[in-house]
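Asks: Got a file for you: final.cif, mmCIF, all heavy atoms.
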```
data_work
#
loop_
_atom_site.label_atom_id
_atom_site.label_comp_id
_atom_site.auth_asym_id
_atom_site.auth_seq_id
_atom_site.Cartn_x
_atom_site.Cartn_y
_atom_site.Cartn_z
N MET H 20 -11.30 -23.19 4.23
CA MET H 20 -10.13 -23.77 3.63
C MET H 20 -10.30 -25.30 3.63
O MET H 20 -10.72 -25.88 4.61
CB MET H 20 -8.89 -23.39 4.44
CG MET H 20 -7.67 -24.11 3.98
SD MET H 20 -6.20 -23.80 4.94
CE MET H 20 -6.05 -22.06 4.77
N THR H 21 -9.93 -25.88 2.53
CA THR H 21 -10.02 -27.34 2.42
C THR H 21 -8.70 -27.98 2.85
O THR H 21 -7.66 -27.31 2.90
CB THR H 21 -10.33 -27.75 0.98
OG1 THR H 21 -9.24 -27.32 0.14
CG2 THR H 21 -11.63 -27.13 0.49
N THR H 22 -8.74 -29.25 3.14
CA THR H 22 -7.53 -29.97 3.54
C THR H 22 -6.47 -29.95 2.44
O THR H 22 -5.30 -29.68 2.73
CB THR H 22 -7.88 -31.41 3.94
OG1 THR H 22 -8.84 -31.37 5.00
CG2 THR H 22 -6.65 -32.17 4.38
N PRO H 23 -6.83 -30.18 1.16
CA PRO H 23 -5.80 -30.12 0.12
C PRO H 23 -5.14 -28.74 0.02
O PRO H 23 -3.93 -28.64 -0.18
CB PRO H 23 -6.55 -30.47 -1.17
CG PRO H 23 -7.72 -31.27 -0.71
CD PRO H 23 -8.09 -30.69 0.61
N LEU H 24 -5.93 -27.68 0.17
CA LEU H 24 -5.35 -26.33 0.12
C LEU H 24 -4.41 -26.10 1.29
O LEU H 24 -3.33 -25.54 1.13
CB LEU H 24 -6.46 -25.28 0.12
CG LEU H 24 -6.01 -23.82 0.10
CD1 LEU H 24 -5.15 -23.53 -1.12
CD2 LEU H 24 -7.20 -22.89 0.15
N PHE H 25 -4.79 -26.55 2.46
CA PHE H 25 -3.93 -26.42 3.64
C PHE H 25 -2.62 -27.16 3.43
O PHE H 25 -1.53 -26.63 3.70
CB PHE H 25 -4.65 -26.93 4.88
CG PHE H 25 -3.80 -26.89 6.11
CD1 PHE H 25 -3.54 -25.69 6.75
CD2 PHE H 25 -3.25 -28.05 6.63
CE1 PHE H 25 -2.75 -25.64 7.88
CE2 PHE H 25 -2.46 -28.01 7.76
CZ PHE H 25 -2.21 -26.81 8.39
N LEU H 26 -2.69 -28.38 2.92
CA LEU H 26 -1.48 -29.16 2.70
C LEU H 26 -0.61 -28.55 1.60
O LEU H 26 0.62 -28.59 1.69
CB LEU H 26 -1.84 -30.60 2.36
CG LEU H 26 -2.47 -31.39 3.51
CD1 LEU H 26 -2.93 -32.76 3.02
CD2 LEU H 26 -1.53 -31.51 4.67
N LEU H 27 -1.24 -27.96 0.58
CA LEU H 27 -0.47 -27.27 -0.45
C LEU H 27 0.30 -26.10 0.14
O LEU H 27 1.47 -25.90 -0.16
CB LEU H 27 -1.40 -26.77 -1.56
CG LEU H 27 -0.76 -25.90 -2.64
CD1 LEU H 27 0.29 -26.69 -3.41
CD2 LEU H 27 -1.81 -25.34 -3.56
N ARG H 28 -0.35 -25.33 1.00
CA ARG H 28 0.34 -24.22 1.65
C ARG H 28 1.50 -24.70 2.50
O ARG H 28 2.56 -24.08 2.55
CB ARG H 28 -0.63 -23.40 2.48
CG ARG H 28 -1.55 -22.59 1.60
CD ARG H 28 -2.42 -21.68 2.39
NE ARG H 28 -3.21 -20.85 1.49
CZ ARG H 28 -4.18 -20.07 1.87
NH1 ARG H 28 -4.50 -20.00 3.15
NH2 ARG H 28 -4.84 -19.35 1.00
N CYS H 29 1.31 -25.82 3.18
CA CYS H 29 2.40 -26.39 3.99
C CYS H 29 3.59 -26.77 3.10
O CYS H 29 4.74 -26.50 3.46
CB CYS H 29 1.91 -27.61 4.76
SG CYS H 29 0.74 -27.20 6.08
N VAL H 30 3.31 -27.37 1.96
CA VAL H 30 4.38 -27.74 1.04
C VAL H 30 5.09 -26.49 0.51
O VAL H 30 6.32 -26.44 0.44
CB VAL H 30 3.83 -28.59 -0.13
CG1 VAL H 30 4.86 -28.75 -1.24
CG2 VAL H 30 3.37 -29.94 0.38
N GLN H 31 4.33 -25.45 0.19
CA GLN H 31 4.92 -24.22 -0.32
C GLN H 31 5.81 -23.56 0.73
O GLN H 31 6.80 -22.91 0.39
CB GLN H 31 3.82 -23.25 -0.76
CG GLN H 31 3.10 -23.68 -2.00
CD GLN H 31 1.88 -22.83 -2.31
OE1 GLN H 31 1.23 -22.31 -1.40
NE2 GLN H 31 1.56 -22.72 -3.59
N LEU H 32 5.47 -23.72 1.99
CA LEU H 32 6.26 -23.15 3.08
C LEU H 32 7.41 -24.05 3.51
O LEU H 32 8.27 -23.64 4.28
CB LEU H 32 5.37 -22.86 4.29
CG LEU H 32 4.38 -21.73 4.13
CD1 LEU H 32 3.35 -21.76 5.24
CD2 LEU H 32 5.10 -20.40 4.10
N GLY H 33 7.41 -25.30 3.05
CA GLY H 33 8.45 -26.23 3.43
C GLY H 33 8.23 -26.83 4.81
O GLY H 33 9.18 -27.22 5.49
N ILE H 34 6.97 -26.92 5.23
CA ILE H 34 6.63 -27.47 6.54
C ILE H 34 6.41 -28.98 6.40
O ILE H 34 5.61 -29.41 5.58
CB ILE H 34 5.36 -26.80 7.10
CG1 ILE H 34 5.59 -25.31 7.28
CG2 ILE H 34 4.96 -27.44 8.41
CD1 ILE H 34 4.34 -24.54 7.64
N SER H 35 7.09 -29.74 7.23
CA SER H 35 6.92 -31.19 7.18
C SER H 35 5.76 -31.62 8.07
O SER H 35 5.26 -30.85 8.89
CB SER H 35 8.20 -31.88 7.66
OG SER H 35 8.38 -31.63 9.05
N LEU H 36 5.33 -32.86 7.90
CA LEU H 36 4.24 -33.39 8.73
C LEU H 36 4.63 -33.40 10.20
O LEU H 36 3.81 -33.16 11.07
CB LEU H 36 3.84 -34.78 8.26
CG LEU H 36 3.11 -34.85 6.93
CD1 LEU H 36 2.86 -36.30 6.54
CD2 LEU H 36 1.81 -34.08 6.99
N ARG H 37 5.88 -33.65 10.48
CA ARG H 37 6.37 -33.63 11.86
C ARG H 37 6.25 -32.22 12.45
O ARG H 37 5.90 -32.06 13.61
CB ARG H 37 7.80 -34.11 11.92
CG ARG H 37 8.36 -34.16 13.34
CD ARG H 37 9.72 -34.74 13.38
NE ARG H 37 9.62 -36.15 13.02
CZ ARG H 37 10.66 -36.93 12.78
NH1 ARG H 37 11.87 -36.45 12.83
NH2 ARG H 37 10.49 -38.20 12.47
N ASP H 38 6.54 -31.20 11.64
CA ASP H 38 6.44 -29.81 12.11
C ASP H 38 5.00 -29.42 12.39
O ASP H 38 4.75 -28.55 13.23
CB ASP H 38 7.03 -28.86 11.08
CG ASP H 38 8.53 -29.03 10.92
OD1 ASP H 38 9.18 -29.54 11.85
OD2 ASP H 38 9.04 -28.67 9.84
N LEU H 39 4.05 -30.04 11.71
CA LEU H 39 2.65 -29.68 11.89
C LEU H 39 2.14 -30.00 13.29
O LEU H 39 1.15 -29.43 13.74
CB LEU H 39 1.77 -30.37 10.85
CG LEU H 39 1.83 -29.77 9.45
CD1 LEU H 39 0.95 -30.58 8.51
CD2 LEU H 39 1.42 -28.32 9.46
N ASP H 40 2.82 -30.91 14.00
CA ASP H 40 2.45 -31.19 15.38
C ASP H 40 2.64 -29.97 16.27
O ASP H 40 1.99 -29.84 17.30
CB ASP H 40 3.28 -32.35 15.95
CG ASP H 40 2.86 -33.69 15.40
OD1 ASP H 40 1.71 -33.80 14.93
OD2 ASP H 40 3.68 -34.62 15.44
N LEU H 41 3.54 -29.08 15.86
CA LEU H 41 3.88 -27.91 16.68
C LEU H 41 3.16 -26.64 16.25
O LEU H 41 3.28 -25.62 16.92
CB LEU H 41 5.40 -27.68 16.61
CG LEU H 41 6.28 -28.88 16.99
CD1 LEU H 41 7.73 -28.57 16.68
CD2 LEU H 41 6.07 -29.25 18.44
N LEU H 42 2.44 -26.68 15.12
CA LEU H 42 1.82 -25.48 14.56
C LEU H 42 0.30 -25.61 14.52
O LEU H 42 -0.24 -26.70 14.43
CB LEU H 42 2.34 -25.24 13.14
CG LEU H 42 3.85 -25.07 12.98
CD1 LEU H 42 4.22 -25.06 11.53
CD2 LEU H 42 4.32 -23.82 13.69
N THR H 43 -0.35 -24.47 14.55
CA THR H 43 -1.80 -24.44 14.38
C THR H 43 -2.12 -24.04 12.94
O THR H 43 -1.25 -23.54 12.21
CB THR H 43 -2.46 -23.44 15.34
OG1 THR H 43 -2.02 -22.11 14.99
CG2 THR H 43 -2.12 -23.74 16.78
N ILE H 44 -3.37 -24.21 12.55
CA ILE H 44 -3.80 -23.79 11.22
C ILE H 44 -3.61 -22.29 11.06
O ILE H 44 -3.16 -21.80 10.01
CB ILE H 44 -5.26 -24.19 10.98
CG1 ILE H 44 -5.39 -25.70 10.92
CG2 ILE H 44 -5.80 -23.57 9.69
CD1 ILE H 44 -6.81 -26.21 10.88
N GLY H 45 -3.92 -21.54 12.10
CA GLY H 45 -3.75 -20.08 12.05
C GLY H 45 -2.31 -19.67 11.86
O GLY H 45 -2.01 -18.72 11.12
N THR H 46 -1.39 -20.37 12.51
CA THR H 46 0.03 -20.06 12.35
C THR H 46 0.49 -20.31 10.93
O THR H 46 1.23 -19.51 10.35
CB THR H 46 0.87 -20.89 13.33
OG1 THR H 46 0.41 -20.66 14.67
CG2 THR H 46 2.34 -20.54 13.24
N VAL H 47 0.05 -21.41 10.36
CA VAL H 47 0.41 -21.72 8.97
C VAL H 47 -0.16 -20.65 8.03
O VAL H 47 0.53 -20.19 7.12
CB VAL H 47 -0.08 -23.13 8.57
CG1 VAL H 47 0.14 -23.39 7.09
CG2 VAL H 47 0.63 -24.18 9.41
N ASN H 48 -1.39 -20.23 8.27
CA ASN H 48 -1.98 -19.17 7.44
C ASN H 48 -1.21 -17.86 7.58
O ASN H 48 -0.98 -17.16 6.58
CB ASN H 48 -3.45 -18.96 7.80
CG ASN H 48 -4.34 -20.03 7.24
OD1 ASN H 48 -4.02 -20.66 6.25
ND2 ASN H 48 -5.48 -20.23 7.88
N ASP H 49 -0.80 -17.52 8.79
CA ASP H 49 -0.01 -16.30 9.00
C ASP H 49 1.34 -16.40 8.29
O ASP H 49 1.80 -15.42 7.68
CB ASP H 49 0.21 -16.05 10.48
CG ASP H 49 -1.05 -15.63 11.21
OD1 ASP H 49 -2.03 -15.23 10.53
OD2 ASP H 49 -1.07 -15.70 12.46
N MET H 50 1.97 -17.55 8.39
CA MET H 50 3.25 -17.74 7.71
C MET H 50 3.11 -17.61 6.20
O MET H 50 3.95 -17.01 5.54
CB MET H 50 3.83 -19.11 8.08
CG MET H 50 4.28 -19.25 9.51
SD MET H 50 4.67 -20.93 9.97
CE MET H 50 6.07 -21.28 8.94
N TYR H 51 2.03 -18.15 5.65
CA TYR H 51 1.79 -18.06 4.21
C TYR H 51 1.55 -16.60 3.80
O TYR H 51 2.08 -16.14 2.80
CB TYR H 51 0.62 -18.94 3.81
CG TYR H 51 0.37 -18.95 2.33
CD1 TYR H 51 1.16 -19.72 1.49
CD2 TYR H 51 -0.63 -18.18 1.76
CE1 TYR H 51 0.96 -19.73 0.12
CE2 TYR H 51 -0.84 -18.17 0.39
CZ TYR H 51 -0.06 -18.95 -0.41
OH TYR H 51 -0.26 -18.94 -1.76
N SER H 52 0.77 -15.89 4.59
CA SER H 52 0.51 -14.47 4.29
C SER H 52 1.79 -13.66 4.29
O SER H 52 2.01 -12.82 3.42
CB SER H 52 -0.47 -13.89 5.31
OG SER H 52 -1.71 -14.52 5.23
N GLU H 53 2.65 -13.91 5.26
CA GLU H 53 3.91 -13.19 5.32
C GLU H 53 4.82 -13.56 4.16
O GLU H 53 5.53 -12.72 3.63
CB GLU H 53 4.62 -13.46 6.65
CG GLU H 53 3.94 -12.79 7.82
CD GLU H 53 3.87 -11.28 7.69
OE1 GLU H 53 4.84 -10.66 7.20
OE2 GLU H 53 2.84 -10.71 8.08
N MET H 54 4.80 -14.81 3.74
CA MET H 54 5.60 -15.23 2.60
C MET H 54 5.16 -14.49 1.34
O MET H 54 5.99 -14.03 0.55
CB MET H 54 5.48 -16.74 2.38
CG MET H 54 6.33 -17.25 1.23
SD MET H 54 6.00 -18.95 0.79
CE MET H 54 4.43 -18.80 -0.04
N VAL H 55 3.85 -14.34 1.16
CA VAL H 55 3.33 -13.63 -0.01
C VAL H 55 3.70 -12.15 0.07
O VAL H 55 4.08 -11.54 -0.93
CB VAL H 55 1.80 -13.83 -0.12
CG1 VAL H 55 1.22 -12.95 -1.20
CG2 VAL H 55 1.48 -15.28 -0.38
N ASN H 56 3.65 -11.57 1.26
CA ASN H 56 3.99 -10.16 1.43
C ASN H 56 5.47 -9.88 1.18
O ASN H 56 5.83 -8.78 0.79
CB ASN H 56 3.63 -9.68 2.85
CG ASN H 56 2.15 -9.55 3.05
OD1 ASN H 56 1.38 -9.45 2.11
ND2 ASN H 56 1.73 -9.56 4.30
N ASP H 57 6.33 -10.85 1.44
CA ASP H 57 7.76 -10.65 1.25
C ASP H 57 8.13 -10.35 -0.19
O ASP H 57 9.12 -9.68 -0.45
CB ASP H 57 8.54 -11.89 1.71
CG ASP H 57 8.56 -12.01 3.22
OD1 ASP H 57 8.23 -11.03 3.91
OD2 ASP H 57 8.88 -13.11 3.71
N SER H 58 7.36 -10.84 -1.14
CA SER H 58 7.70 -10.63 -2.54
C SER H 58 7.06 -9.37 -3.13
O SER H 58 7.25 -9.08 -4.31
CB SER H 58 7.24 -11.85 -3.37
OG SER H 58 5.84 -11.98 -3.31
N TRP H 59 6.35 -8.60 -2.32
CA TRP H 59 5.69 -7.39 -2.82
C TRP H 59 6.69 -6.26 -2.92
O TRP H 59 7.46 -5.98 -2.00
CB TRP H 59 4.56 -7.00 -1.87
CG TRP H 59 3.72 -5.88 -2.37
CD1 TRP H 59 3.02 -5.83 -3.53
CD2 TRP H 59 3.47 -4.63 -1.74
NE1 TRP H 59 2.35 -4.66 -3.65
CE2 TRP H 59 2.62 -3.89 -2.56
CE3 TRP H 59 3.90 -4.07 -0.55
CZ2 TRP H 59 2.18 -2.61 -2.23
CZ3 TRP H 59 3.47 -2.81 -0.23
CH2 TRP H 59 2.61 -2.09 -1.07
N ASP H 60 6.74 -5.60 -4.08
CA ASP H 60 7.69 -4.51 -4.32
C ASP H 60 7.05 -3.14 -4.18
O ASP H 60 7.59 -2.15 -4.68
CB ASP H 60 8.29 -4.64 -5.73
CG ASP H 60 9.20 -5.84 -5.85
OD1 ASP H 60 9.77 -6.25 -4.82
OD2 ASP H 60 9.34 -6.35 -6.97
N GLY H 61 5.94 -3.03 -3.51
CA GLY H 61 5.22 -1.78 -3.42
C GLY H 61 5.75 -0.80 -2.38
O GLY H 61 5.24 0.29 -2.25
N TYR H 62 6.79 -1.21 -1.64
CA TYR H 62 7.35 -0.29 -0.66
C TYR H 62 8.20 0.74 -1.39
O TYR H 62 9.21 0.42 -1.99
CB TYR H 62 8.20 -1.04 0.36
CG TYR H 62 7.41 -2.08 1.13
CD1 TYR H 62 7.62 -3.44 0.92
CD2 TYR H 62 6.45 -1.71 2.05
CE1 TYR H 62 6.90 -4.39 1.61
CE2 TYR H 62 5.73 -2.66 2.75
CZ TYR H 62 5.96 -3.99 2.53
OH TYR H 62 5.25 -4.93 3.21
N SER H 63 7.79 1.99 -1.32
CA SER H 63 8.49 3.01 -2.09
C SER H 63 9.77 3.48 -1.40
O SER H 63 10.71 3.90 -2.07
CB SER H 63 7.56 4.20 -2.33
OG SER H 63 7.14 4.75 -1.09
N GLU H 64 9.82 3.43 -0.08
CA GLU H 64 11.03 3.84 0.62
C GLU H 64 11.08 3.16 1.98
O GLU H 64 10.07 2.74 2.52
CB GLU H 64 11.08 5.36 0.80
CG GLU H 64 9.98 5.92 1.69
CD GLU H 64 10.06 7.41 1.85
OE1 GLU H 64 11.02 7.88 2.48
OE2 GLU H 64 9.17 8.09 1.34
N LEU H 65 12.27 3.06 2.50
CA LEU H 65 12.45 2.50 3.83
C LEU H 65 12.49 3.63 4.85
O LEU H 65 13.05 4.69 4.59
CB LEU H 65 13.74 1.69 3.91
CG LEU H 65 13.79 0.43 3.04
CD1 LEU H 65 15.16 -0.22 3.12
CD2 LEU H 65 12.72 -0.55 3.50
N ALA H 66 11.92 3.39 6.00
CA ALA H 66 11.90 4.42 7.04
C ALA H 66 13.28 4.59 7.65
O ALA H 66 14.02 3.63 7.85
CB ALA H 66 10.91 4.04 8.12
N THR H 67 13.63 5.84 7.94
CA THR H 67 14.87 6.13 8.65
C THR H 67 14.55 6.25 10.13
O THR H 67 13.39 6.26 10.54
CB THR H 67 15.46 7.46 8.15
OG1 THR H 67 14.54 8.52 8.45
CG2 THR H 67 15.73 7.42 6.64
N GLN H 68 15.60 6.36 10.94
CA GLN H 68 15.38 6.49 12.38
C GLN H 68 14.65 7.80 12.68
O GLN H 68 13.79 7.85 13.57
CB GLN H 68 16.72 6.45 13.13
CG GLN H 68 16.56 6.48 14.63
CD GLN H 68 15.76 5.29 15.15
OE1 GLN H 68 16.04 4.16 14.78
NE2 GLN H 68 14.77 5.53 16.00
N GLU H 69 14.93 8.83 11.93
CA GLU H 69 14.26 10.12 12.14
C GLU H 69 12.75 10.00 11.87
O GLU H 69 11.93 10.52 12.61
CB GLU H 69 14.86 11.18 11.22
CG GLU H 69 14.22 12.55 11.37
CD GLU H 69 14.79 13.58 10.40
OE1 GLU H 69 15.92 13.38 9.91
OE2 GLU H 69 14.08 14.56 10.16
N MET H 70 12.39 9.27 10.81
CA MET H 70 10.97 9.07 10.52
C MET H 70 10.30 8.29 11.65
O MET H 70 9.17 8.60 12.03
CB MET H 70 10.81 8.29 9.22
CG MET H 70 11.20 9.04 7.98
SD MET H 70 11.12 7.87 6.60
CE MET H 70 11.17 8.98 5.23
N MET H 71 10.98 7.29 12.16
CA MET H 71 10.40 6.50 13.25
C MET H 71 10.25 7.34 14.50
O MET H 71 9.26 7.20 15.23
CB MET H 71 11.28 5.27 13.52
CG MET H 71 11.31 4.28 12.40
SD MET H 71 9.68 3.66 11.94
CE MET H 71 9.20 2.76 13.37
N ASP H 72 11.21 8.22 14.77
CA ASP H 72 11.11 9.09 15.94
C ASP H 72 9.92 10.03 15.81
O ASP H 72 9.20 10.30 16.79
CB ASP H 72 12.40 9.90 16.13
CG ASP H 72 13.58 9.02 16.52
OD1 ASP H 72 13.34 7.87 17.00
OD2 ASP H 72 14.73 9.45 16.34
N ARG H 73 9.70 10.57 14.59
CA ARG H 73 8.55 11.46 14.37
C ARG H 73 7.23 10.72 14.48
O ARG H 73 6.23 11.27 14.91
CB ARG H 73 8.65 12.13 13.01
CG ARG H 73 9.66 13.27 12.97
CD ARG H 73 9.60 14.00 11.66
NE ARG H 73 10.31 13.16 10.68
CZ ARG H 73 10.05 13.12 9.39
NH1 ARG H 73 9.09 13.87 8.87
NH2 ARG H 73 10.74 12.35 8.59
N PHE H 74 7.24 9.46 14.11
CA PHE H 74 6.03 8.65 14.17
C PHE H 74 5.58 8.49 15.61
O PHE H 74 4.48 8.60 15.99
CB PHE H 74 6.27 7.28 13.53
CG PHE H 74 5.12 6.35 13.61
CD1 PHE H 74 3.97 6.58 12.86
CD2 PHE H 74 5.14 5.25 14.44
CE1 PHE H 74 2.89 5.73 12.93
CE2 PHE H 74 4.07 4.38 14.51
CZ PHE H 74 2.94 4.62 13.76
#
```
Using structure tokens, write down the structure that the file contains.
Replies:
Amino acid sequence: MTTPLFLLRCVQLGISLRDLDLLTIGTVNDMYSEMVNDSWDGYSELATQEMMDRF
């Protein structure tokens, strides 16, 4: 990952330079991955409590 790409991801996540003192590169990457996953509509159904109990 290049520095410009890292900074772009920070801007997309709304992370300020002050916040970067508290975060690692890995944390920012994880946050970006989760942000991308949030918009995925591929979940066909939500699990019920019964399904979780069987799991």
Asks: To verify the selection step, state as a ChimeraX atom specification which residues the PyMOL selection byres ((chain H and resi 22-26) around 4.5) yields on this input.
Replies: /H:20-21,27-30,39,44,47
Asks: As a PyMOL selection string, list the residues of stretch 20-60 of chain H assigned to alpha helix (DSSP H) by DSSP on the backbone atoms of this structure.
Replies: chain H and resi 22-32+36-39+44-57
Asks: Quick one: pull the distance between atom CG of H:Gln31 and atom C of H:Met50, Å, one decimal.
Replies: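 Computing it gives 10.2 Å between the two atoms.
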Asks: Quick check, in Å to one decimal: how far apart do atom CA of H:Glu53 and atom CA of H:Asp38 lie?
Replies: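 Computed distance, atom CA of H:Glu53 to atom CA of H:Asp38, equals 18.1 Å.
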Asks: Could you state the separation of atom CA of H:Phe74 and atom CA of H:Tyr62 in Å, given to one decimal place?
Replies: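 Taking atom CA of H:Phe74 as the start and atom CA of H:Tyr62 as the end point, the length is 17.4 Å.
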Asks: Find the axis-aligned box for stretch 30-42 of chain H, covering all its listed atoms and adding 8 Å on each side, and write its centre and edge lengths in Å to one decimal as lines of an AutoDock Vina configuration file.
Replies:
```
center_x = 5.8
center_y = -29.3
center_z = 7.4
size_x = 28.1
size_y = 33.8
size_z = 38.0
```
